[in-house]
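Visitor: Shown below is the structure under consideration.
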Amino acid sequence: MAQTQVPCVGRQIPNHCVTREFTLTAFPALLKLRISLFVALLLAYTLTAMENIIIISLMWADNRLQTPMYFFLSNLSFLDILYTTVVTPKLLACLLGEKKNMSFAGCITQTYFYFFLGTVEFILLAVMSFDCYVAICNPLRYTIIMNSRACLLMILGCWLGAFLPVLVACIDTRLTEKVNFLLSALVILSSLAFTTGSYIYIISTILHIPSAQGHQKAFSTCASHITIVSIAYGSNIFVYVRLSQNHSLDFDKVATVLITIVTPLLNPFIYSLRNEKVKEVLREAMNRITSLRMLTSC
């Protein structure tokens, strides 16, 4: 992204200028492949939106999926739709459109929501690890601890907990890079520490289960969450929480696109569409749709 600057108006301040808009450079090294890149990103974005909308619809329409775990999953799906929508439409327009400018206000708004939604996701993953911890380590008290009121308060805490720190980070633009680094490190590493602590207790509890069948059932309960946590934390720590600034900007662009588009695309497959209960509800929904179409055609 290159800045477009204009001379200051009104009171003249030496060596100062006003940034009115930015010129988006996208991927200069891949300009020859921009049509193919556009098609691939559009397909990924469309699939991400469709599969997450399907999951949200299933979880809110079927009583069997109206449990705390699936409640958090539906919020993760909703969050993934918002997260990828913040960046992808503008990126697609930049790849094909002739006008590649973005206003300063638009850039600040996009940056804020990008970091805000990303922060919400890390806090939500920590909450989901707590849900898994209660389900395995305190199964008899699960319905008492993870009641509907507690789940709503946790989701509200995810959004409020991300809103205030990121808002403060956007106030003083002189310290944006340092604040973003500190904020990324604080959110990612603190939520990672909480998640790791939860899984230490979970694994310790599972190892004390006497039967092999109990081991397998307990591990299958949290395996998908561990996979998503590993992808989310690993990719973001690699890109954002780095002390060295000697890195390739083009490489960072590609890595950021993978985080923003590919991860939300994979989440439903890893967490929901491999779940037997979700697959059963999906099959039933497809059978009902097929039956209705057959009746309508007759």
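Following the order of the structure tokens, chains are lettered A, B, ..., residues in each are numbered from 1, and ligands are numbered from 1.
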So that I can see what lies close to range 66-71 of chain A, please list as a PyMOL selection string the residues with an atom at most 10 Å from it, counting only C-alpha atoms and leaving out residues fewer than 6 positions away in the same chain.

Guide: chain A and resi 55-56+58-60+128-129+131-132+135+142-143+146-148+150-152+155+272+278

Visitor: Tell me, which residues of range 24-209 of chain A carry DSSP alpha helix (DSSP H), written as a ChimeraX atom specification?

Guide: /A:34-61,68-96,104-137,142-145,148-169,176-207

Visitor: Can you tell me which residues surround Asn275 in chain A at a distance of at most 12 Å, considering only C-alpha atoms, apart from same-chain residues fewer than 5 positions away, and format the answer as a list in words?

Guide: Ile55, Leu65, Met69, Tyr70, Leu73, Ser220, Thr221, Cys222, Ala223, Ser224, His225, Pro268, Phe269, Ile270, Glu280, Val281 and Leu282 of chain A

Visitor: What does the distance from CA of Tyr233 in chain A to CA of Phe219 in chain A come to in Å, to one decimal?

Guide: 20.1 Å

Visitor: Show me, as an NGL selection string, the residues that have an atom within 7 Å of Ser191 in chain A when counting only C-alpha atoms, minus same-chain residues fewer than 5 positions from it.

Guide: :A and (122-123 or 126)

Visitor: Choose the residue, out of A:Ile261, A:Leu186, A:Leu266, A:Ile136, that has the smallest atom-to-atom separation from Ser204 in chain A; count only C-alpha atoms.

Guide: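 Among A:Ile261, A:Leu186, A:Leu266, A:Ile136, it is A:Ile136 that comes nearest to Ser204 in chain A.
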